$ cat upload_3.cif   # mmCIF, C-alpha atoms
data_query
loop_
_atom_site.label_atom_id
_atom_site.label_comp_id
_atom_site.auth_asym_id
_atom_site.auth_seq_id
_atom_site.Cartn_x
_atom_site.Cartn_y
_atom_site.Cartn_z
CA MET A 75 124.86 44.59 97.45
CA PRO A 76 128.23 46.37 97.96
CA ARG A 77 127.98 49.69 99.81
CA ARG A 78 129.55 51.59 96.93
CA TRP A 79 126.71 50.41 94.65
CA ILE A 80 124.11 51.49 97.18
CA ALA A 81 125.75 54.93 97.41
CA ALA A 82 125.84 55.22 93.61
CA LEU A 83 122.17 54.30 93.28
CA ALA A 84 121.26 56.87 95.97
CA CYS A 85 123.10 59.60 94.10
CA LEU A 86 121.37 58.63 90.84
CA ALA A 87 117.95 58.76 92.55
CA ALA A 88 118.74 62.20 93.93
CA LEU A 89 119.73 63.48 90.48
CA VAL A 90 116.52 62.11 88.94
CA ALA A 91 114.46 63.82 91.65
CA LEU A 92 116.19 67.13 91.03
CA ALA A 93 115.57 66.83 87.30
CA CYS A 94 111.88 66.17 87.88
CA GLU A 95 111.56 69.16 90.17
CA GLY A 96 113.30 71.36 87.66
CA GLY A 97 110.72 70.68 84.92
CA THR A 98 111.55 72.50 81.71
CA SER A 99 113.20 75.51 83.34
CA ALA A 100 116.59 76.32 81.93
CA ALA A 101 117.88 77.54 85.31
CA PRO A 102 116.62 77.40 88.90
CA ARG A 103 114.46 80.34 89.88
CA PRO A 104 115.80 82.46 92.76
CA THR A 105 113.91 81.86 95.98
CA LYS A 106 111.84 84.67 97.37
CA SER A 107 113.81 84.80 100.59
CA THR A 108 117.36 84.97 99.19
CA PRO A 109 118.54 88.11 97.40
CA SER A 110 120.32 87.75 94.07
CA SER A 111 123.70 89.36 93.61
CA GLY A 112 124.00 92.48 91.51
CA GLY A 113 121.27 94.53 89.86
CA PRO A 114 118.50 96.48 91.55
CA GLY A 115 117.37 95.42 94.99
CA GLY A 116 113.81 94.65 93.94
CA ILE A 117 110.69 94.72 96.07
CA ALA A 118 109.86 93.41 99.55
CA ALA A 119 106.44 93.06 101.17
CA LEU A 120 105.97 93.49 104.91
CA GLY A 121 102.75 92.84 106.76
CA ASP A 122 100.15 90.16 107.36
CA SER A 123 98.07 87.58 105.51
CA ILE A 124 96.59 90.08 103.07
CA SER A 125 100.02 90.61 101.53
CA THR A 126 100.65 86.86 101.35
CA GLY A 127 97.59 86.34 99.15
CA PHE A 128 96.07 84.17 101.85
CA ALA A 129 93.21 81.93 100.64
CA SER A 130 93.30 83.42 97.13
CA CYS A 131 94.14 79.96 95.71
CA LEU A 132 91.03 78.44 97.34
CA VAL A 133 93.05 76.89 100.17
CA LEU A 134 93.28 78.41 103.63
CA THR A 135 96.97 79.12 103.37
CA SER A 136 99.23 81.74 101.83
CA CYS A 137 99.31 82.00 98.04
CA GLU A 138 102.12 84.45 97.36
CA ARG A 139 101.78 84.31 93.60
CA ASN A 140 98.54 86.28 94.04
CA SER A 141 99.98 88.89 96.41
CA TRP A 142 99.01 92.44 95.45
CA SER A 143 102.58 93.45 96.28
CA THR A 144 105.07 90.76 95.23
CA GLY A 145 102.94 88.27 93.31
CA ASP A 146 104.25 86.82 90.07
CA GLY A 147 101.10 85.00 88.96
CA LEU A 148 99.05 86.00 85.94
CA ARG A 149 95.79 86.70 87.79
CA VAL A 150 97.08 89.71 89.74
CA ASP A 151 98.85 92.67 88.18
CA SER A 152 100.99 93.15 91.28
CA HIS A 153 103.47 95.90 92.04
CA TYR A 154 106.26 93.44 91.26
CA ARG A 155 104.86 92.63 87.82
CA ARG A 156 104.38 96.33 87.07
CA LEU A 157 107.96 97.07 88.14
CA LEU A 158 109.13 94.15 86.01
CA ASP A 159 107.49 95.78 83.01
CA GLN A 160 109.57 98.88 83.72
CA ASP A 161 112.86 97.09 84.40
CA SER A 162 113.39 93.42 83.59
CA ALA A 163 116.54 93.41 85.73
CA ILE A 164 114.47 92.94 88.89
CA ARG A 165 113.21 89.54 87.73
CA GLY A 166 113.34 87.10 90.63
CA ARG A 167 113.86 89.88 93.18
CA ALA A 168 110.48 89.83 94.90
CA TYR A 169 110.69 89.02 98.61
CA ASN A 170 107.57 88.44 100.67
CA HIS A 171 108.21 88.67 104.41
CA ALA A 172 104.57 89.20 105.36
CA ARG A 173 103.12 86.47 107.56
CA PRO A 174 99.56 85.39 108.37
CA GLY A 175 98.65 86.50 111.86
CA ALA A 176 101.39 89.12 112.03
CA ARG A 177 100.70 92.22 114.09
CA ALA A 178 102.56 95.51 114.04
CA ASP A 179 105.10 94.24 116.55
CA ALA A 180 106.38 91.87 113.84
CA LEU A 181 107.28 94.69 111.46
CA GLU A 182 110.75 95.29 112.86
CA GLY A 183 111.86 91.71 112.21
CA GLN A 184 110.33 91.75 108.74
CA ALA A 185 112.07 95.06 108.02
CA HIS A 186 115.45 93.60 108.94
CA ALA A 187 114.78 90.79 106.47
CA ALA A 188 114.01 93.35 103.73
CA VAL A 189 117.28 95.12 104.55
CA ARG A 190 119.16 91.83 104.10
CA ASP A 191 117.44 91.49 100.71
CA ARG A 192 118.73 94.95 99.78
CA ALA A 193 115.20 95.88 98.73
CA ASP A 194 114.86 99.21 96.95
CA TYR A 195 111.07 99.33 97.29
CA VAL A 196 109.15 98.11 100.34
CA THR A 197 105.39 97.87 100.85
CA VAL A 198 103.88 97.87 104.33
CA LEU A 199 100.32 96.74 105.06
CA ILE A 200 99.70 95.96 108.72
CA GLY A 201 97.03 96.39 111.36
CA ALA A 202 94.21 93.93 110.65
CA ASN A 203 95.49 91.44 113.22
CA ASP A 204 95.93 94.18 115.81
CA ILE A 205 92.18 94.66 115.34
CA CYS A 206 91.06 91.06 114.92
CA ARG A 207 91.58 89.86 118.46
CA GLY A 208 89.18 88.18 120.86
CA GLY A 209 87.41 91.40 121.69
CA VAL A 210 87.69 95.17 121.88
CA ASP A 211 89.76 95.13 125.07
CA ALA A 212 92.30 92.81 123.44
CA MET A 213 92.98 95.09 120.47
CA THR A 214 96.43 96.65 120.37
CA PRO A 215 96.36 100.10 122.02
CA VAL A 216 96.81 102.93 119.52
CA THR A 217 100.02 104.18 121.16
CA THR A 218 101.51 100.68 121.11
CA PHE A 219 100.54 100.21 117.48
CA ARG A 220 102.26 103.45 116.54
CA ALA A 221 105.41 102.55 118.47
CA ASP A 222 105.54 99.16 116.75
CA VAL A 223 105.16 100.73 113.31
CA ASP A 224 107.82 103.32 114.09
CA ARG A 225 110.29 100.61 115.09
CA GLY A 226 109.69 98.75 111.86
CA LEU A 227 110.08 101.85 109.72
CA ARG A 228 113.18 102.90 111.66
CA ALA A 229 114.81 99.58 110.82
CA LEU A 230 114.15 100.26 107.14
CA ARG A 231 115.38 103.83 107.26
CA THR A 232 118.57 102.79 109.05
CA GLY A 233 119.32 99.77 106.89
CA ARG A 234 118.08 101.00 103.50
CA PRO A 235 117.96 104.80 103.69
CA LYS A 236 117.51 105.20 99.93
CA ALA A 237 114.73 102.64 99.58
CA ARG A 238 111.26 103.84 98.71
CA VAL A 239 108.55 102.81 101.16
CA LEU A 240 104.81 102.60 100.55
CA VAL A 241 102.64 102.49 103.68
CA VAL A 242 99.17 101.20 102.83
CA SER A 243 96.02 102.05 104.76
CA ILE A 244 94.12 99.26 106.53
CA PRO A 245 91.21 98.10 104.37
CA ASP A 246 87.71 98.85 105.62
CA LEU A 247 87.03 95.69 107.60
CA TYR A 248 83.73 97.14 108.80
CA ARG A 249 82.65 97.20 105.18
CA LEU A 250 83.08 93.40 105.11
CA TRP A 251 80.59 93.08 107.94
CA GLU A 252 78.19 95.44 106.15
CA VAL A 253 78.15 93.43 102.92
CA GLY A 254 78.40 89.98 104.49
CA HIS A 255 76.27 89.90 107.62
CA THR A 256 73.12 89.11 105.63
CA ASP A 257 74.79 86.32 103.64
CA GLY A 258 74.51 82.91 105.24
CA ARG A 259 77.71 81.62 103.65
CA ALA A 260 79.74 84.44 105.15
CA THR A 261 78.19 84.33 108.61
CA ARG A 262 78.67 80.56 108.83
CA ALA A 263 82.35 80.96 107.97
CA TRP A 264 82.80 83.81 110.45
CA LYS A 265 81.49 81.60 113.26
CA ARG A 266 84.74 79.64 113.04
CA GLY A 267 86.42 82.52 114.86
CA ILE A 268 87.33 84.89 112.05
CA CYS A 269 88.05 88.39 113.40
CA PRO A 270 85.82 87.94 116.48
CA ALA A 271 86.26 91.53 117.67
CA LEU A 272 84.27 92.58 114.60
CA LEU A 273 82.46 89.53 113.23
CA ALA A 274 81.27 87.63 116.31
CA ASN A 275 77.46 87.50 116.48
CA ALA A 276 77.45 88.98 113.01
CA THR A 277 73.65 88.98 112.61
CA SER A 278 72.95 90.46 116.05
CA ASN A 279 71.48 93.94 116.47
CA ALA A 280 71.91 93.89 120.24
CA PRO A 281 73.28 97.19 121.62
CA ALA A 282 76.43 95.50 122.93
CA ASP A 283 77.25 94.00 119.53
CA LYS A 284 76.57 97.24 117.70
CA SER A 285 78.77 99.09 120.19
CA ARG A 286 81.57 96.56 119.74
CA ARG A 287 81.51 96.93 115.95
CA ALA A 288 81.53 100.71 116.26
CA ALA A 289 84.58 100.50 118.54
CA VAL A 290 86.38 98.34 115.98
CA ARG A 291 85.58 100.81 113.23
CA GLU A 292 86.93 103.68 115.33
CA ARG A 293 90.12 101.75 116.09
CA ILE A 294 90.75 101.11 112.39
CA ASP A 295 90.37 104.82 111.75
CA ALA A 296 92.75 105.60 114.61
CA TYR A 297 95.37 103.18 113.28
CA ASN A 298 95.10 104.69 109.82
CA VAL A 299 95.73 108.16 111.26
CA GLN A 300 98.87 106.82 112.92
CA LEU A 301 100.07 105.18 109.71
CA VAL A 302 99.87 108.54 107.96
CA ALA A 303 101.82 110.20 110.78
CA ALA A 304 104.42 107.44 110.91
CA CYS A 305 105.08 107.72 107.18
CA ARG A 306 105.35 111.50 107.44
CA ALA A 307 107.86 111.12 110.28
CA TYR A 308 109.89 108.69 108.17
CA GLY A 309 110.68 111.38 105.64
CA SER A 310 110.58 111.97 101.92
CA ARG A 311 111.31 108.35 100.96
CA CYS A 312 108.00 107.20 102.45
CA ARG A 313 104.68 107.60 100.71
CA HIS A 314 101.26 106.82 102.18
CA ASP A 315 98.55 105.51 99.88
CA GLY A 316 96.26 108.36 100.90
CA GLY A 317 93.60 105.94 102.09
CA ALA A 318 93.31 104.20 98.71
CA ALA A 319 93.14 100.68 100.15
CA HIS A 320 90.69 101.75 102.84
CA ARG A 321 88.38 103.29 100.23
CA VAL A 322 88.06 100.08 98.21
CA ARG A 323 84.37 99.16 98.31
CA PHE A 324 84.78 95.45 98.79
CA THR A 325 81.91 93.26 97.70
CA LEU A 326 81.51 89.53 98.27
CA ASP A 327 82.77 88.76 94.77
CA LEU A 328 86.14 90.21 95.77
CA LEU A 329 86.46 87.84 98.75
CA ASN A 330 87.44 84.19 98.81
CA PRO A 331 84.55 81.73 99.40
CA LEU A 332 86.31 79.93 102.25
CA ASP A 333 86.54 82.54 104.99
CA TRP A 334 84.72 85.47 103.30
CA PHE A 335 87.34 87.76 104.79
CA HIS A 336 90.53 87.72 102.76
CA PRO A 337 90.57 89.05 99.19
CA ASN A 338 90.41 86.53 96.38
CA ALA A 339 92.59 86.99 93.28
CA SER A 340 90.23 89.69 91.96
CA GLY A 341 90.34 91.45 95.31
CA GLN A 342 94.14 91.27 95.36
CA ASP A 343 94.21 92.71 91.85
CA ARG A 344 91.98 95.57 92.96
CA LEU A 345 94.30 96.33 95.89
CA ALA A 346 97.28 96.25 93.52
CA GLU A 347 95.59 98.69 91.16
CA VAL A 348 94.62 101.34 93.71
CA THR A 349 97.85 101.18 95.71
CA TRP A 350 100.01 101.28 92.58
CA ARG A 351 98.34 104.51 91.53
CA ALA A 352 99.15 105.90 94.98
CA SER A 353 102.75 104.70 95.00
CA GLY A 354 104.10 107.34 92.64
CA LEU A 355 105.95 104.65 90.69
CA ALA A 356 103.50 104.74 87.82
CA ASP A 357 104.44 108.33 86.93
#
$ encode --input "upload_3.cif" --output "structure tokens"
Amino acid sequence: MPRRWIAALACLAALVALACEGGTSAAPRPTKSTPSSGGPGGIAALGDSISTGFASCLVLTSCERNSWSTGDGLRVDSHYRRLLDQDSAIRGRAYNHARPGARADALEGQAHAAVRDRADYVTVLIGANDICRGGVDAMTPVTTFRADVDRGLRALRTGRPKARVLVVSIPDLYRLWEVGHTDGRATRAWKRGICPALLANATSNAPADKSRRAAVRERIDAYNVQLVAACRAYGSRCRHDGGAAHRVRFTLDLLNPLDWFHPNASGQDRLAEVTWRASGLAD
């Protein structure tokens, strides 16, 4: 077969593939990592797996459509969807830079990405992975955590000084142990190494295990104090959720049935609801 025929057939196959991928959409949807030109800057999410909707689609991977912050799915009334109701011009301008496993030292890089997106509203939820290490001694020191958060927020303030920032409190991870340590499904899942600093030996009442869990609880409280202070230091464009996320009384029906740690779609929707009320954007 002549080479020019082969090249023509290859081009035709590529066009067919693109048509199939496009479905019935009239135009390609903007990606969530590339800002659109013109219009408002939209919303960007910074943080860890919670903000990626991890495991909320019943697979142990990110499911951004269910993100409490930037999700565009129908099961979660996210901040993005609520903003879209207020201003349709932000359609397609939801950028999720949160990453599973991210600790506070990743915030600065994520913040620079939000600046490149020209985000006008940025949510920050970080800290669970600074807690969920191999043990208490491996947790990020409080002073280091604060310095990491400050660097991330400084990048936002420098690059997008007029953007509004919502800093969200770390959910009550200790509460997950309280409601799950008597449930065999949860404890079996936790044995796979989920948040060992808190959830290792979940059914044990040994003094060492009780002391370890208490230390984790204290560290979460200490991080949350620093998040309040960091937001206050940022200035008037930053708002803290006032502990709204931390006060959510998670139950097992708000967690996914794979790791019994990350919120399912209902849990993500609950986080969206309480943090939206705290954001000041609903007024």
$ closest_residue --input "upload_3.cif" --among "A:Phe324, A:Tyr195, A:Tyr248, A:Phe128" --to "A:Ala289" --atoms "all atoms listed in the file"
A:Tyr248
$ axis_aligned_box --input "upload_3.cif" --around "stretch 181-184 of chain A" --padding-each-side "8 Å" --output "JSON"
{"center_x": 109.6, "center_y": 93.5, "center_z": 110.8, "size_x": 20.6, "size_y": 19.6, "size_z": 20.1}
$ residues_around --input "upload_3.cif" --residues "A:Ala237" --least-positions-apart "3" --cutoff "8 Å" --atoms "all atoms listed in the file" --output "PDB file with C-alpha atoms, in the frame of the given file"
ATOM      1  CA  ALA A 193     115.200  95.880  98.730  1.00  0.00           C
ATOM      2  CA  ASP A 194     114.860  99.210  96.950  1.00  0.00           C
ATOM      3  CA  TYR A 195     111.070  99.330  97.290  1.00  0.00           C
ATOM      4  CA  VAL A 196     109.150  98.110 100.340  1.00  0.00           C
ATOM      5  CA  LEU A 230     114.150 100.260 107.140  1.00  0.00           C
ATOM      6  CA  ARG A 231     115.380 103.830 107.260  1.00  0.00           C
ATOM      7  CA  ARG A 234     118.080 101.000 103.500  1.00  0.00           C
ATOM      8  CA  ARG A 311     111.310 108.350 100.960  1.00  0.00           C
TER       9      ARG A 311
END
$ residues_around --input "upload_3.cif" --residues "stretch 181-191 of chain A" --least-positions-apart "6" --cutoff "12 Å" --atoms "all atoms listed in the file" --output "PDB file with C-alpha atoms, in the coordinates of the input"
ATOM      1  CA  THR A 105     113.910  81.860  95.980  1.00  0.00           C
ATOM      2  CA  LYS A 106     111.840  84.670  97.370  1.00  0.00           C
ATOM      3  CA  SER A 107     113.810  84.800 100.590  1.00  0.00           C
ATOM      4  CA  THR A 108     117.360  84.970  99.190  1.00  0.00           C
ATOM      5  CA  PRO A 109     118.540  88.110  97.400  1.00  0.00           C
ATOM      6  CA  SER A 110     120.320  87.750  94.070  1.00  0.00           C
ATOM      7  CA  SER A 111     123.700  89.360  93.610  1.00  0.00           C
ATOM      8  CA  GLY A 112     124.000  92.480  91.510  1.00  0.00           C
ATOM      9  CA  GLY A 113     121.270  94.530  89.860  1.00  0.00           C
ATOM     10  CA  PRO A 114     118.500  96.480  91.550  1.00  0.00           C
ATOM     11  CA  GLY A 115     117.370  95.420  94.990  1.00  0.00           C
ATOM     12  CA  GLY A 116     113.810  94.650  93.940  1.00  0.00           C
ATOM     13  CA  ILE A 117     110.690  94.720  96.070  1.00  0.00           C
ATOM     14  CA  ALA A 118     109.860  93.410  99.550  1.00  0.00           C
ATOM     15  CA  ALA A 119     106.440  93.060 101.170  1.00  0.00           C
ATOM     16  CA  LEU A 120     105.970  93.490 104.910  1.00  0.00           C
ATOM     17  CA  GLY A 121     102.750  92.840 106.760  1.00  0.00           C
ATOM     18  CA  ASP A 122     100.150  90.160 107.360  1.00  0.00           C
ATOM     19  CA  GLY A 166     113.340  87.100  90.630  1.00  0.00           C
ATOM     20  CA  ARG A 167     113.860  89.880  93.180  1.00  0.00           C
ATOM     21  CA  ALA A 168     110.480  89.830  94.900  1.00  0.00           C
ATOM     22  CA  TYR A 169     110.690  89.020  98.610  1.00  0.00           C
ATOM     23  CA  ASN A 170     107.570  88.440 100.670  1.00  0.00           C
ATOM     24  CA  HIS A 171     108.210  88.670 104.410  1.00  0.00           C
ATOM     25  CA  ALA A 172     104.570  89.200 105.360  1.00  0.00           C
ATOM     26  CA  ARG A 173     103.120  86.470 107.560  1.00  0.00           C
ATOM     27  CA  GLY A 175      98.650  86.500 111.860  1.00  0.00           C
ATOM     28  CA  THR A 197     105.390  97.870 100.850  1.00  0.00           C
ATOM     29  CA  VAL A 198     103.880  97.870 104.330  1.00  0.00           C
ATOM     30  CA  LEU A 199     100.320  96.740 105.060  1.00  0.00           C
ATOM     31  CA  ILE A 200      99.700  95.960 108.720  1.00  0.00           C
ATOM     32  CA  GLY A 201      97.030  96.390 111.360  1.00  0.00           C
ATOM     33  CA  PHE A 219     100.540 100.210 117.480  1.00  0.00           C
ATOM     34  CA  ARG A 220     102.260 103.450 116.540  1.00  0.00           C
ATOM     35  CA  ALA A 221     105.410 102.550 118.470  1.00  0.00           C
ATOM     36  CA  ASP A 222     105.540  99.160 116.750  1.00  0.00           C
ATOM     37  CA  VAL A 223     105.160 100.730 113.310  1.00  0.00           C
ATOM     38  CA  ASP A 224     107.820 103.320 114.090  1.00  0.00           C
ATOM     39  CA  ARG A 225     110.290 100.610 115.090  1.00  0.00           C
ATOM     40  CA  GLY A 226     109.690  98.750 111.860  1.00  0.00           C
ATOM     41  CA  LEU A 227     110.080 101.850 109.720  1.00  0.00           C
ATOM     42  CA  ARG A 228     113.180 102.900 111.660  1.00  0.00           C
ATOM     43  CA  ALA A 229     114.810  99.580 110.820  1.00  0.00           C
ATOM     44  CA  LEU A 230     114.150 100.260 107.140  1.00  0.00           C
ATOM     45  CA  ARG A 231     115.380 103.830 107.260  1.00  0.00           C
ATOM     46  CA  THR A 232     118.570 102.790 109.050  1.00  0.00           C
ATOM     47  CA  GLY A 233     119.320  99.770 106.890  1.00  0.00           C
ATOM     48  CA  ARG A 234     118.080 101.000 103.500  1.00  0.00           C
ATOM     49  CA  PRO A 235     117.960 104.800 103.690  1.00  0.00           C
ATOM     50  CA  LYS A 236     117.510 105.200  99.930  1.00  0.00           C
ATOM     51  CA  ALA A 237     114.730 102.640  99.580  1.00  0.00           C
ATOM     52  CA  ARG A 238     111.260 103.840  98.710  1.00  0.00           C
ATOM     53  CA  VAL A 239     108.550 102.810 101.160  1.00  0.00           C
ATOM     54  CA  VAL A 241     102.640 102.490 103.680  1.00  0.00           C
TER      55      VAL A 241
END
$ closest_residue --input "upload_3.cif" --among "A:Pro174, A:Asn338, A:Arg323, A:Ser243" --to "A:Arg139" --atoms "only C-alpha atoms"
A:Asn338
$ resolve_selection --input "upload_3.cif" --expression "the PyMOL selection byres ((chain A and resi 136) around 6)" --output "PyMOL selection string"
chain A and resi 126-128+135+137-138
$ resolve_selection --input "upload_3.cif" --expression "the PyMOL selection byres ((chain A and resi 249) around 12)" --output "ChimeraX atom specification"
/A:244-248,250-255,272-273,287-288,290-291,294,320-326,329,335
$ residues_around --input "upload_3.cif" --residues "stretch 149-162 of chain A" --least-positions-apart "4" --cutoff "7 Å" --atoms "only C-alpha atoms" --output "JSON, numbers by chain"
{"A": [117, 140, 141, 142, 143, 144, 145, 168, 339, 342, 343, 346, 350]}
$ residues_around --input "upload_3.cif" --residues "A:Arg351" --least-positions-apart "6" --cutoff "12 Å" --atoms "only C-alpha atoms" --output "MDAnalysis selection string"
chainID A and resid 152:153 156 240 242 313:319 344:345 357
$ atom_distance --input "upload_3.cif" --atom1 "atom CA of A:Lys284" --atom2 "atom CA of A:Asp333"
21.8 Å
$ atom_distance --input "upload_3.cif" --atom1 "atom CA of A:Cys131" --atom2 "atom CA of A:Leu148"
12.5 Å
$ residues_near_point --input "upload_3.cif" --point "(98.3, 94.3, 118.7)" --cutoff "10 Å" --atoms "only C-alpha atoms" --output "number ranges by chain"
A: 176-180, 201-207, 212-216, 218-219, 222
$ atom_distance --input "upload_3.cif" --atom1 "atom CA of A:Ile124" --atom2 "atom CA of A:Ser278"
27.0 Å
$ closest_residue --input "upload_3.cif" --among "A:Pro270, A:Gly341, A:Pro331, A:Gly354" --to "A:Leu134" --atoms "all atoms listed in the file"
A:Pro331
